[in-house]
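Here the structure comes first, spelled out in structure tokens, and everything after it is commentary.
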Amino acid sequence: MSRSAHPAGPRHADVLPEGHYSAPPADLNALDPKVWARTVTRTPEGVVSVGGIEVTRLAEEFGTPAYFVDEADFRARCRAWREAFGSEADVFYAGKAFLSRAVVRWLHEEGLNLDVCSGGELATALAAGMPAENIAFHGNNKTPAEIERAVEAGVGRIVLDSFQEIARVAHIAERLGRRQRVQIRVTVGVEAHTHEFIATAHEDQKFGIALAGGQAAEAVRRALKLDGLELIGIHSHIGSQIFDMAGFEVSARRVVQLLAEVRDEHGVELPEIDLGGGLGIAYTSDDDPREPHEIAEALNEIVARECAAAGLRKPRISVEPGRAIVGPTAFTLYEVGTVKPLEGLRTYVSVDGGMSDNIRTALYDAEYTVALVSRSSDAEPMLVRVVGKHCESGDIVVRDAFLPADLAPGDLIAVPATGAYCRSMASNYNHALRPPVVAVDDGAARVIVRRETEEDLLRLDVG
Ligand code: LLP
């Protein structure tokens, strides 16, 4: 890269300020397929397209900011997970990553099940026609009304998270004259290598019942005694955005050990285990996620080995990927509003969205990349921070990245890998209107979640 100062930006080549970046990419116009949805390409004219439609046209039709999801990629990822795990396992997509009626239909058509964790997600799943038996209901504090709705609907399983909930679900099921299939969520004591806020299987946190101290064994004892419950297995989820399979290995081993203890104590072989979700995706070119078939092979092998050692039949396995399915399939499209070079530091690029459409950078220090997508550019790289329009200096979308130094107001830029936990965690902070989600496939684009309007905001404001 040139060592000369650039008029449009700070002199980033001499002394780069502290940040998460490495060197600027060799070609700023290149789109790394690791982080972009599958049908995303740059046309010979330099405009980026998805599903065969140029982003300039998408911006005109749907406005910005907006999330664009590559439907073919979403479906292909569903199939890859389904095929990798085969008929002896179940794949439950974790709806918290992103859920809408269209997504529920895609999942069902591609043979996936669905994990929901609230009454709202359950309602969306049922409204879109997901058969109740293909739904797993999660959560550490399901309300009695939510439990009742789930039992009445006939969900395939409720994942029990506490001693109170064991009694609560049993009571409600008995009252409704049902026997509810349940799993018990255990905490296996694994601290996944991920951000502290999203590691969930170590013991000092709110989810599940600890294996330690015989708590989980006691939970099984109680569940087996209750007429309203049919205990089908044990569940463990160790965290999110994990690349290292070692945590899953320990978790699977400990869950199988519990199955062996249950067999020894009660003479019952529980038929299922669920190893949760949490598989990492590439947010930047530095990330190297595993393919579904590698994950399936690793998990199957661990479980088979541990079961053989314990003299158990191999249980049916289920997994709950959310991010790994939807994350890479979408990007957020923004229009550049202002470009503010800070001499000796970096250039702040303000876009028309921000922490209301992507809270992950502010909340988890998440890393993203960004590209100029409405045109290509041969200008030299400029160190940027992409920020939103909210009244808060922590309103950062991409902390450290490079964009061409000729970037100007009116350019469109896109942040890839925003399919998971962006729209689903979007807020109305500063009365922002949450962006639409547009599905693009084979030359056609359609809104699957519409943009919020000021009327939507005012409708809730009844004072
Ligand atoms: N199963 C259970 C029981 C979970 O709690 C979760 C995520 C998943 C499956 C799906 O995990 P995934 O495959 O998507 O990593 N908001 C955070 C992530 C929170 C994950 C919560 N539970 C983020 O933006 O990184």
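Simple scheme: letters A, B, ... for chains in structure tokens order, numbers from 1 for residues in each chain, numbers from 1 for ligands in the order shown.
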
Set the distance at 9 Å and use only C-alpha atoms: which residues neighbour range 351-360 of chain A once local chain neighbours fewer than 2 positions away are removed? I'd like the list as a tab-separated table (two decimals) with all heavy atoms, in the first residue's frame.
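Dumped to around.tsv:
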chain	number	residue	atom	x	y	z
A	64	THR	N	-33.10	2.16	2.02
A	64	THR	CA	-32.04	1.74	2.93
A	64	THR	C	-32.32	2.38	4.29
A	64	THR	O	-33.02	3.39	4.33
A	64	THR	CB	-30.65	2.20	2.44
A	64	THR	OG1	-30.67	3.62	2.26
A	64	THR	CG2	-30.23	1.49	1.18
A	65	PRO	N	-31.80	1.84	5.38
A	65	PRO	CA	-31.13	0.55	5.45
A	65	PRO	C	-32.13	-0.59	5.24
A	65	PRO	O	-33.33	-0.42	5.49
A	65	PRO	CB	-30.56	0.53	6.87
A	65	PRO	CG	-31.45	1.44	7.66
A	65	PRO	CD	-31.93	2.49	6.70
A	66	ALA	N	-31.61	-1.70	4.80
A	66	ALA	CA	-32.46	-2.88	4.61
A	66	ALA	C	-31.58	-4.12	4.67
A	66	ALA	O	-30.40	-4.07	4.34
A	66	ALA	CB	-33.18	-2.82	3.26
A	332	THR	N	-26.58	-6.25	5.25
A	332	THR	CA	-27.34	-5.03	5.47
A	332	THR	C	-26.83	-3.98	4.50
A	332	THR	O	-25.62	-3.78	4.38
A	332	THR	CB	-27.17	-4.51	6.92
A	332	THR	OG1	-27.30	-5.62	7.80
A	332	THR	CG2	-28.21	-3.46	7.25
A	334	TYR	N	-26.65	-0.09	3.41
A	334	TYR	CA	-26.77	1.26	3.96
A	334	TYR	C	-26.39	2.27	2.89
A	334	TYR	O	-25.56	1.99	2.01
A	334	TYR	CB	-25.79	1.47	5.12
A	334	TYR	CG	-25.92	0.56	6.31
A	334	TYR	CD1	-25.04	-0.52	6.48
A	334	TYR	CD2	-26.88	0.79	7.29
A	334	TYR	CE1	-25.11	-1.32	7.61
A	334	TYR	CE2	-26.96	-0.01	8.42
A	334	TYR	CZ	-26.07	-1.08	8.57
A	334	TYR	OH	-26.14	-1.87	9.69
A	335	GLU	N	-26.91	3.49	3.06
A	335	GLU	CA	-26.41	4.59	2.24
A	335	GLU	C	-25.49	5.45	3.10
A	335	GLU	O	-25.78	5.74	4.27
A	335	GLU	CB	-27.58	5.45	1.72
A	335	GLU	CG	-27.07	6.54	0.79
A	335	GLU	CD	-28.21	7.35	0.17
A	335	GLU	OE1	-29.17	6.74	-0.36
A	335	GLU	OE2	-28.13	8.59	0.22
A	336	VAL	N	-24.37	5.85	2.52
A	336	VAL	CA	-23.43	6.71	3.22
A	336	VAL	C	-24.01	8.12	3.29
A	336	VAL	O	-24.47	8.66	2.27
A	336	VAL	CB	-22.07	6.73	2.48
A	336	VAL	CG1	-21.12	7.75	3.10
A	336	VAL	CG2	-21.45	5.33	2.46
A	337	GLY	N	-24.00	8.69	4.51
A	337	GLY	CA	-24.52	10.04	4.68
A	337	GLY	C	-23.41	11.06	4.80
A	337	GLY	O	-23.41	12.09	4.11
A	338	THR	N	-22.45	10.78	5.68
A	338	THR	CA	-21.32	11.70	5.83
A	338	THR	C	-20.02	10.92	5.90
A	338	THR	O	-20.00	9.76	6.30
A	338	THR	CB	-21.44	12.56	7.12
A	338	THR	OG1	-21.28	11.71	8.25
A	338	THR	CG2	-22.76	13.29	7.19
A	349	VAL	N	-17.40	7.00	8.83
A	349	VAL	CA	-18.40	6.94	7.76
A	349	VAL	C	-19.76	6.73	8.42
A	349	VAL	O	-19.99	5.69	9.06
A	349	VAL	CB	-18.08	5.76	6.80
A	349	VAL	CG1	-19.18	5.60	5.77
A	349	VAL	CG2	-16.71	5.96	6.14
A	362	ALA	N	-21.73	-3.09	19.32
A	362	ALA	CA	-21.72	-2.39	20.61
A	362	ALA	C	-21.81	-3.36	21.77
A	362	ALA	O	-21.17	-3.19	22.79
A	362	ALA	CB	-22.90	-1.41	20.65
A	363	LEU	N	-22.59	-4.42	21.60
A	363	LEU	CA	-22.87	-5.32	22.72
A	363	LEU	C	-21.77	-6.35	22.95
A	363	LEU	O	-21.43	-6.67	24.09
A	363	LEU	CB	-24.20	-6.03	22.45
A	363	LEU	CG	-24.88	-6.78	23.58
A	363	LEU	CD1	-25.09	-5.90	24.80
A	363	LEU	CD2	-26.24	-7.31	23.09
A	364	TYR	N	-21.23	-6.90	21.88
A	364	TYR	CA	-20.26	-7.99	22.03
A	364	TYR	C	-18.89	-7.65	21.45
A	364	TYR	O	-18.05	-8.54	21.32
A	364	TYR	CB	-20.72	-9.26	21.30
A	364	TYR	CG	-22.15	-9.67	21.55
A	364	TYR	CD1	-23.05	-9.77	20.50
A	364	TYR	CD2	-22.59	-10.00	22.83
A	364	TYR	CE1	-24.36	-10.17	20.70
A	364	TYR	CE2	-23.89	-10.41	23.04
A	364	TYR	CZ	-24.77	-10.49	21.98
A	364	TYR	OH	-26.05	-10.89	22.18
A	365	ASP	N	-18.72	-6.42	21.00
A	365	ASP	CA	-17.47	-6.08	20.34
A	365	ASP	C	-17.30	-6.96	19.08
A	365	ASP	O	-16.20	-7.36	18.72
A	365	ASP	CB	-16.30	-6.36	21.31
A	365	ASP	CG	-15.24	-5.29	21.19
A	365	ASP	OD1	-15.45	-4.34	20.43
A	365	ASP	OD2	-14.19	-5.44	21.85
A	366	ALA	N	-18.41	-7.28	18.45
A	366	ALA	CA	-18.38	-8.17	17.28
A	366	ALA	C	-17.63	-7.51	16.13
A	366	ALA	O	-17.63	-6.29	16.00
A	366	ALA	CB	-19.80	-8.49	16.85
A	367	GLU	N	-17.01	-8.33	15.33
A	367	GLU	CA	-16.27	-7.81	14.18
A	367	GLU	C	-17.06	-8.05	12.89
A	367	GLU	O	-17.62	-9.13	12.70
A	367	GLU	CB	-14.91	-8.49	14.07
A	367	GLU	CG	-13.97	-8.01	15.16
A	367	GLU	CD	-12.60	-8.64	15.05
A	367	GLU	OE1	-12.14	-8.83	13.90
A	367	GLU	OE2	-12.04	-8.93	16.10
A	386	VAL	N	-17.33	2.48	10.55
A	386	VAL	CA	-18.69	2.72	10.06
A	386	VAL	C	-19.59	2.90	11.27
A	386	VAL	O	-19.68	2.00	12.12
A	386	VAL	CB	-19.17	1.56	9.17
A	386	VAL	CG1	-20.61	1.82	8.70
A	386	VAL	CG2	-18.25	1.37	7.98
A	387	VAL	N	-20.23	4.06	11.34
A	387	VAL	CA	-21.06	4.37	12.50
A	387	VAL	C	-22.48	4.69	12.05
A	387	VAL	O	-22.72	5.00	10.88
A	387	VAL	CB	-20.46	5.56	13.30
A	387	VAL	CG1	-19.11	5.18	13.88
A	387	VAL	CG2	-20.33	6.80	12.42
A	388	GLY	N	-23.39	4.63	13.01
A	388	GLY	CA	-24.80	4.85	12.68
A	388	GLY	C	-25.21	6.29	12.92
A	388	GLY	O	-24.37	7.17	13.07
A	389	LYS	N	-26.54	6.50	12.99
A	389	LYS	CA	-27.06	7.85	13.14
A	389	LYS	C	-27.66	8.08	14.53
A	389	LYS	O	-28.41	9.03	14.75
A	389	LYS	CB	-28.05	8.17	12.02
A	389	LYS	CG	-29.34	7.36	12.08
A	389	LYS	CD	-30.06	7.40	10.73
A	389	LYS	CE	-30.54	8.77	10.33
A	389	LYS	NZ	-31.58	9.31	11.20
A	390	HIS	N	-27.33	7.19	15.47
A	390	HIS	CA	-27.91	7.31	16.81
A	390	HIS	C	-27.12	8.25	17.70
A	390	HIS	O	-25.94	8.50	17.47
A	390	HIS	CB	-27.99	5.92	17.46
A	390	HIS	CG	-28.94	5.03	16.74
A	390	HIS	ND1	-30.29	5.11	16.91
A	390	HIS	CD2	-28.73	4.10	15.79
A	390	HIS	CE1	-30.88	4.25	16.11
A	390	HIS	NE2	-29.95	3.62	15.41
A	394	GLY	N	-21.02	5.12	21.08
A	394	GLY	CA	-20.79	3.67	20.91
A	394	GLY	C	-21.59	3.07	19.76
A	394	GLY	O	-21.59	1.85	19.56
A	395	ASP	N	-22.26	3.92	19.02
A	395	ASP	CA	-23.12	3.46	17.90
A	395	ASP	C	-22.23	3.10	16.71
A	395	ASP	O	-22.14	3.86	15.74
A	395	ASP	CB	-24.10	4.60	17.57
A	395	ASP	CG	-24.91	4.34	16.32
A	395	ASP	OD1	-25.09	3.16	15.96
A	395	ASP	OD2	-25.37	5.33	15.71
A	396	ILE	N	-21.57	1.96	16.84
A	396	ILE	CA	-20.60	1.54	15.82
A	396	ILE	C	-21.13	0.29	15.13
A	396	ILE	O	-21.57	-0.65	15.79
A	396	ILE	CB	-19.24	1.25	16.48
A	396	ILE	CG1	-18.69	2.54	17.10
A	396	ILE	CG2	-18.25	0.64	15.48
A	396	ILE	CD1	-17.49	2.32	18.00
A	397	VAL	N	-21.08	0.28	13.81
A	397	VAL	CA	-21.50	-0.92	13.06
A	397	VAL	C	-20.28	-1.76	12.71
A	397	VAL	O	-20.25	-2.97	12.93
A	397	VAL	CB	-22.28	-0.53	11.78
A	397	VAL	CG1	-22.71	-1.79	11.03
A	397	VAL	CG2	-23.50	0.32	12.12
A	413	ILE	N	-23.04	1.11	0.84
A	413	ILE	CA	-22.10	0.13	1.38
A	413	ILE	C	-22.91	-0.98	2.03
A	413	ILE	O	-24.07	-0.79	2.42
A	413	ILE	CB	-21.10	0.77	2.38
A	413	ILE	CG1	-21.82	1.37	3.60
A	413	ILE	CG2	-20.23	1.82	1.69
A	413	ILE	CD1	-20.84	1.92	4.65
A	418	THR	N	-24.97	-10.51	8.29
A	418	THR	CA	-25.86	-9.91	9.28
A	418	THR	C	-27.22	-10.62	9.36
A	418	THR	O	-28.20	-10.06	9.84
A	418	THR	CB	-26.09	-8.41	8.99
A	418	THR	OG1	-26.63	-8.29	7.66
A	418	THR	CG2	-24.81	-7.61	9.08
A	421	TYR	N	-29.18	-12.55	14.46
A	421	TYR	CA	-29.11	-11.66	15.62
A	421	TYR	C	-28.93	-10.20	15.26
A	421	TYR	O	-28.37	-9.43	16.03
A	421	TYR	CB	-28.01	-12.13	16.59
A	421	TYR	CG	-28.18	-13.58	17.01
A	421	TYR	CD1	-27.29	-14.57	16.59
A	421	TYR	CD2	-29.26	-13.96	17.81
A	421	TYR	CE1	-27.47	-15.89	16.95
A	421	TYR	CE2	-29.44	-15.28	18.17
A	421	TYR	CZ	-28.54	-16.24	17.74
A	421	TYR	OH	-28.73	-17.56	18.09
A	422	CYS	N	-29.39	-9.79	14.09
A	422	CYS	CA	-29.39	-8.37	13.76
A	422	CYS	C	-30.83	-7.89	13.70
A	422	CYS	O	-31.28	-7.17	14.59
A	422	CYS	CB	-28.62	-8.11	12.47
A	422	CYS	SG	-26.84	-8.28	12.71
A	423	ARG	N	-31.63	-8.35	12.71
A	423	ARG	CA	-33.04	-7.97	12.71
A	423	ARG	C	-33.72	-8.47	13.98
A	423	ARG	O	-34.56	-7.79	14.56
A	423	ARG	CB	-33.75	-8.50	11.46
A	423	ARG	CG	-35.25	-8.14	11.39
A	423	ARG	CD	-35.46	-6.63	11.41
A	423	ARG	NE	-36.88	-6.22	11.35
A	423	ARG	CZ	-37.71	-6.20	12.37
A	423	ARG	NH1	-37.31	-6.60	13.56
A	423	ARG	NH2	-38.96	-5.80	12.22
A	424	SER	N	-33.32	-9.67	14.44
A	424	SER	CA	-34.01	-10.23	15.62
A	424	SER	C	-33.67	-9.46	16.89
A	424	SER	O	-34.39	-9.54	17.88
A	424	SER	CB	-33.69	-11.71	15.79
A	424	SER	OG	-32.35	-11.92	16.14
A	425	MET	N	-32.59	-8.69	16.90
A	425	MET	CA	-32.24	-7.89	18.08
A	425	MET	C	-32.39	-6.40	17.78
A	425	MET	O	-31.89	-5.56	18.54
A	425	MET	CB	-30.80	-8.19	18.51
A	425	MET	CG	-30.61	-9.61	19.02
A	425	MET	SD	-28.88	-9.99	19.39
A	425	MET	CE	-28.71	-9.24	21.01
A	426	ALA	N	-33.05	-6.07	16.70
A	426	ALA	CA	-33.19	-4.66	16.31
A	426	ALA	C	-34.10	-3.94	17.31
A	426	ALA	O	-34.97	-4.54	17.93
A	426	ALA	CB	-33.77	-4.57	14.91
A	427	SER	N	-33.87	-2.64	17.45
A	427	SER	CA	-34.66	-1.87	18.41
A	427	SER	C	-35.17	-0.58	17.76
A	427	SER	O	-34.80	-0.25	16.63
A	427	SER	CB	-33.80	-1.50	19.62
A	427	SER	OG	-32.93	-0.43	19.29
A	428	ASN	N	-36.00	0.11	18.51
A	428	ASN	CA	-36.51	1.40	18.05
A	428	ASN	C	-35.78	2.56	18.71
A	428	ASN	O	-36.32	3.66	18.82
A	428	ASN	CB	-38.01	1.52	18.36
A	428	ASN	CG	-38.85	0.61	17.52
A	428	ASN	OD1	-39.59	-0.21	18.04
A	428	ASN	ND2	-38.75	0.75	16.21
A	429	TYR	N	-34.56	2.32	19.18
A	429	TYR	CA	-33.81	3.37	19.86
A	429	TYR	C	-33.82	4.65	19.02
A	429	TYR	O	-33.62	4.59	17.80
A	429	TYR	CB	-32.38	2.89	20.10
A	429	TYR	CG	-31.54	3.86	20.89
A	429	TYR	CD1	-32.08	4.58	21.97
A	429	TYR	CD2	-30.21	4.07	20.56
A	429	TYR	CE1	-31.32	5.47	22.69
A	429	TYR	CE2	-29.43	4.96	21.28
A	429	TYR	CZ	-29.99	5.67	22.35
A	429	TYR	OH	-29.23	6.55	23.06
A	430	ASN	N	-34.04	5.76	19.68
A	430	ASN	CA	-34.21	7.06	19.02
A	430	ASN	C	-35.41	7.07	18.07
A	430	ASN	O	-35.45	7.83	17.12
A	430	ASN	CB	-32.96	7.48	18.24
A	430	ASN	CG	-31.73	7.67	19.10
A	430	ASN	OD1	-30.63	7.40	18.65
A	430	ASN	ND2	-31.89	8.11	20.33
A	432	ALA	N	-36.04	4.90	15.91
A	432	ALA	CA	-35.64	4.41	14.58
A	432	ALA	C	-36.73	3.46	14.09
A	432	ALA	O	-37.38	2.77	14.89
A	432	ALA	CB	-34.31	3.67	14.68
A	433	LEU	N	-36.90	3.41	12.81
A	433	LEU	CA	-37.87	2.49	12.21
A	433	LEU	C	-37.11	1.26	11.76
A	433	LEU	O	-36.17	1.36	10.98
A	433	LEU	CB	-38.54	3.17	11.01
A	433	LEU	CG	-39.22	4.50	11.37
A	433	LEU	CD1	-39.67	5.23	10.10
A	433	LEU	CD2	-40.40	4.27	12.32
A	434	ARG	N	-37.49	0.12	12.29
A	434	ARG	CA	-36.69	-1.08	12.00
A	434	ARG	C	-36.77	-1.43	10.50
A	434	ARG	O	-37.85	-1.39	9.89
A	434	ARG	CB	-37.15	-2.25	12.87
A	434	ARG	CG	-36.69	-2.07	14.32
A	434	ARG	CD	-37.18	-3.16	15.21
A	434	ARG	NE	-38.63	-3.15	15.32
A	434	ARG	CZ	-39.34	-4.04	15.99
A	434	ARG	NH1	-38.72	-5.04	16.59
A	434	ARG	NH2	-40.65	-3.96	16.06
A	435	PRO	N	-35.61	-1.76	9.92
A	435	PRO	CA	-35.55	-1.98	8.47
A	435	PRO	C	-36.29	-3.24	8.02
A	435	PRO	O	-36.51	-4.15	8.82
A	435	PRO	CB	-34.04	-2.15	8.20
A	435	PRO	CG	-33.34	-1.72	9.43
A	435	PRO	CD	-34.31	-1.89	10.56

Could you give me, as a PyMOL selection string, each residue of range 160-382 of chain A that DSSP assigns to strand (DSSP E) when run on this structure's backbone?
chain A and resi 160+180-187+209-210+229-235+272-274+316-319+330-342+346-351+371-372+381-382

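Taking only C-alpha atoms and all ligand atoms into account, ligand 1 lies nearest to A:Cys117 out of the set A:Ala408, A:Val462, A:Cys117, A:Leu231.
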
Got a sec: who's within 8 Å of Gln241 in chain A, counting only C-alpha atoms, leaving out chain neighbours fewer than 3 positions off, as a CSV table (one decimal) with C-alpha atoms, in the first residue's frame?
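The new file around_6.csv reads:
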chain,number,residue,atom,x,y,z
A,194,THR,CA,-16.6,-17.0,23.1
A,278,GLY,CA,-23.5,-22.4,18.7
A,279,LEU,CA,-21.4,-23.2,15.6
A,280,GLY,CA,-19.4,-20.2,14.5
A,281,ILE,CA,-19.6,-18.4,11.1
A,323,ARG,CA,-26.4,-18.4,13.2

CA of Ile232 in chain A to CA of Val268 in chain A, straight-line distance in Å:
10.3 Å

Step one, run DSSP on the backbone; step two, keep only residues of range 236-391 of chain A assigned to helix (DSSP H, G or I); then write them as a ChimeraX atom specification.
/A:246-266,292-310,323-329,360-364

So, with only C-alpha atoms and all ligand atoms as the atoms that count, which of A:Ser350, A:Ser49, A:Asn29, A:Thr361 lies closest to ligand 1?
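Distance minimum relative to ligand 1 lands on A:Thr361.
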
Check the smallest atom-to-atom distance from each of A:Leu345, A:Val440, A:Ala414, A:Ala37 to Leu372 in chain A using only C-alpha atoms, then report the winner.
A:Ala414

Take CA of Gly63 in chain A and CA of Ala417 in chain A and report the distance between them in Å, one decimal.
19.4 Å

Can you pull out every residue within 10 Å of Ile302 in chain A, counting only C-alpha atoms, but drop anything in the same chain fewer than 2 positions away, and send it as a VMD selection string?
chain A and resid 248 to 253 256 296 to 300 304 to 308

So that I can see what lies close to His293 in chain A, please list as a PDB file with N, CA, C and O atoms, in the first residue's frame the residues with an atom at most 12 Å from it, counting only C-alpha atoms and leaving out residues fewer than 3 positions away in the same chain.
ATOM      1  N   ARG A  77     -28.152 -24.024   2.776  1.00  0.00           N
ATOM      2  CA  ARG A  77     -27.560 -24.297   4.097  1.00  0.00           C
ATOM      3  C   ARG A  77     -28.447 -25.238   4.908  1.00  0.00           C
ATOM      4  O   ARG A  77     -27.954 -26.115   5.614  1.00  0.00           O
ATOM      5  N   ARG A  79     -30.343 -27.542   3.674  1.00  0.00           N
ATOM      6  CA  ARG A  79     -30.145 -28.887   3.092  1.00  0.00           C
ATOM      7  C   ARG A  79     -28.814 -29.468   3.523  1.00  0.00           C
ATOM      8  O   ARG A  79     -28.711 -30.652   3.813  1.00  0.00           O
ATOM      9  N   ALA A  80     -27.780 -28.615   3.559  1.00  0.00           N
ATOM     10  CA  ALA A  80     -26.456 -29.115   3.949  1.00  0.00           C
ATOM     11  C   ALA A  80     -26.497 -29.675   5.378  1.00  0.00           C
ATOM     12  O   ALA A  80     -25.919 -30.725   5.670  1.00  0.00           O
ATOM     13  N   TRP A  81     -27.200 -28.978   6.267  1.00  0.00           N
ATOM     14  CA  TRP A  81     -27.300 -29.478   7.650  1.00  0.00           C
ATOM     15  C   TRP A  81     -28.117 -30.764   7.709  1.00  0.00           C
ATOM     16  O   TRP A  81     -27.757 -31.718   8.385  1.00  0.00           O
ATOM     17  N   ARG A  82     -29.232 -30.762   6.969  1.00  0.00           N
ATOM     18  CA  ARG A  82     -30.101 -31.945   6.948  1.00  0.00           C
ATOM     19  C   ARG A  82     -29.340 -33.172   6.440  1.00  0.00           C
ATOM     20  O   ARG A  82     -29.326 -34.222   7.049  1.00  0.00           O
ATOM     21  N   GLU A  83     -28.684 -32.963   5.309  1.00  0.00           N
ATOM     22  CA  GLU A  83     -27.969 -34.095   4.703  1.00  0.00           C
ATOM     23  C   GLU A  83     -26.794 -34.533   5.565  1.00  0.00           C
ATOM     24  O   GLU A  83     -26.513 -35.723   5.681  1.00  0.00           O
ATOM     25  N   ALA A  84     -26.102 -33.584   6.173  1.00  0.00           N
ATOM     26  CA  ALA A  84     -24.947 -33.944   6.997  1.00  0.00           C
ATOM     27  C   ALA A  84     -25.369 -34.819   8.173  1.00  0.00           C
ATOM     28  O   ALA A  84     -24.677 -35.762   8.536  1.00  0.00           O
ATOM     29  N   PHE A  85     -26.526 -34.521   8.768  1.00  0.00           N
ATOM     30  CA  PHE A  85     -26.945 -35.284   9.946  1.00  0.00           C
ATOM     31  C   PHE A  85     -27.771 -36.511   9.587  1.00  0.00           C
ATOM     32  O   PHE A  85     -27.892 -37.435  10.381  1.00  0.00           O
ATOM     33  N   GLY A  86     -28.343 -36.535   8.394  1.00  0.00           N
ATOM     34  CA  GLY A  86     -29.037 -37.730   7.921  1.00  0.00           C
ATOM     35  C   GLY A  86     -30.323 -38.011   8.674  1.00  0.00           C
ATOM     36  O   GLY A  86     -30.789 -37.205   9.483  1.00  0.00           O
ATOM     37  N   PRO A 289     -14.887 -21.164   9.684  1.00  0.00           N
ATOM     38  CA  PRO A 289     -15.896 -22.054  10.264  1.00  0.00           C
ATOM     39  C   PRO A 289     -15.844 -23.457   9.674  1.00  0.00           C
ATOM     40  O   PRO A 289     -15.332 -23.661   8.575  1.00  0.00           O
ATOM     41  N   ARG A 290     -16.407 -24.398  10.424  1.00  0.00           N
ATOM     42  CA  ARG A 290     -16.489 -25.777   9.936  1.00  0.00           C
ATOM     43  C   ARG A 290     -17.740 -25.959   9.079  1.00  0.00           C
ATOM     44  O   ARG A 290     -18.754 -25.314   9.306  1.00  0.00           O
ATOM     45  N   ALA A 296     -21.140 -32.723  11.856  1.00  0.00           N
ATOM     46  CA  ALA A 296     -21.947 -33.939  12.047  1.00  0.00           C
ATOM     47  C   ALA A 296     -21.046 -35.141  12.303  1.00  0.00           C
ATOM     48  O   ALA A 296     -21.294 -35.938  13.213  1.00  0.00           O
ATOM     49  N   GLU A 297     -19.986 -35.252  11.508  1.00  0.00           N
ATOM     50  CA  GLU A 297     -19.076 -36.401  11.704  1.00  0.00           C
ATOM     51  C   GLU A 297     -18.467 -36.367  13.091  1.00  0.00           C
ATOM     52  O   GLU A 297     -18.412 -37.386  13.786  1.00  0.00           O
ATOM     53  N   ALA A 298     -17.998 -35.185  13.486  1.00  0.00           N
ATOM     54  CA  ALA A 298     -17.343 -35.076  14.792  1.00  0.00           C
ATOM     55  C   ALA A 298     -18.323 -35.443  15.912  1.00  0.00           C
ATOM     56  O   ALA A 298     -17.995 -36.247  16.791  1.00  0.00           O
ATOM     57  N   LEU A 299     -19.531 -34.887  15.860  1.00  0.00           N
ATOM     58  CA  LEU A 299     -20.476 -35.141  16.949  1.00  0.00           C
ATOM     59  C   LEU A 299     -20.918 -36.601  16.971  1.00  0.00           C
ATOM     60  O   LEU A 299     -20.972 -37.233  18.030  1.00  0.00           O
ATOM     61  N   ASN A 300     -21.201 -37.148  15.774  1.00  0.00           N
ATOM     62  CA  ASN A 300     -21.622 -38.554  15.722  1.00  0.00           C
ATOM     63  C   ASN A 300     -20.559 -39.478  16.285  1.00  0.00           C
ATOM     64  O   ASN A 300     -20.843 -40.431  17.008  1.00  0.00           O
ATOM     65  N   GLU A 301     -19.316 -39.156  15.940  1.00  0.00           N
ATOM     66  CA  GLU A 301     -18.233 -40.023  16.378  1.00  0.00           C
ATOM     67  C   GLU A 301     -18.060 -39.965  17.901  1.00  0.00           C
ATOM     68  O   GLU A 301     -17.922 -40.996  18.562  1.00  0.00           O
TER      69      GLU A 301
END

Leu114 in chain A surroundings by only C-alpha atoms, 6 Å radius, close-in-sequence under 2 positions cut, as a list in words:
Phe92, Tyr93 and Ile135 of chain A

Which residue of A:Tyr348, A:Phe98, A:Phe74, A:Phe331 approaches ligand 1 most closely, using only C-alpha atoms and all ligand atoms
A:Phe98

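Candidate residues A:Pro404, A:Pro321, A:Gly51, A:Pro315 were compared for distance to ligand 1, and the nearest is A:Pro321, using only C-alpha atoms and all ligand atoms.
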
What's the separation between CA of Ile238 in chain A and CA of Thr143 in chain A, in Å to one decimal place?
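These atoms are spaced 23.8 Å apart.
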
With a distance cut-off of 6 Å and only C-alpha atoms, select the neighbouring residues of Phe68 in chain A, excluding the residue or stretch itself and same-chain residues fewer than 2 positions from it, and output the selection as a list of chain:residue names.
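Once the nearby chain positions are removed, what remains is A:Ala330, A:Phe331, A:Val437, A:Val438, A:Ala439.
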
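Nearest residue to ligand 1 among A:Ser318, A:Ser100, A:Asn134, A:Ser285 is A:Ser318, counting only C-alpha atoms and all ligand atoms.
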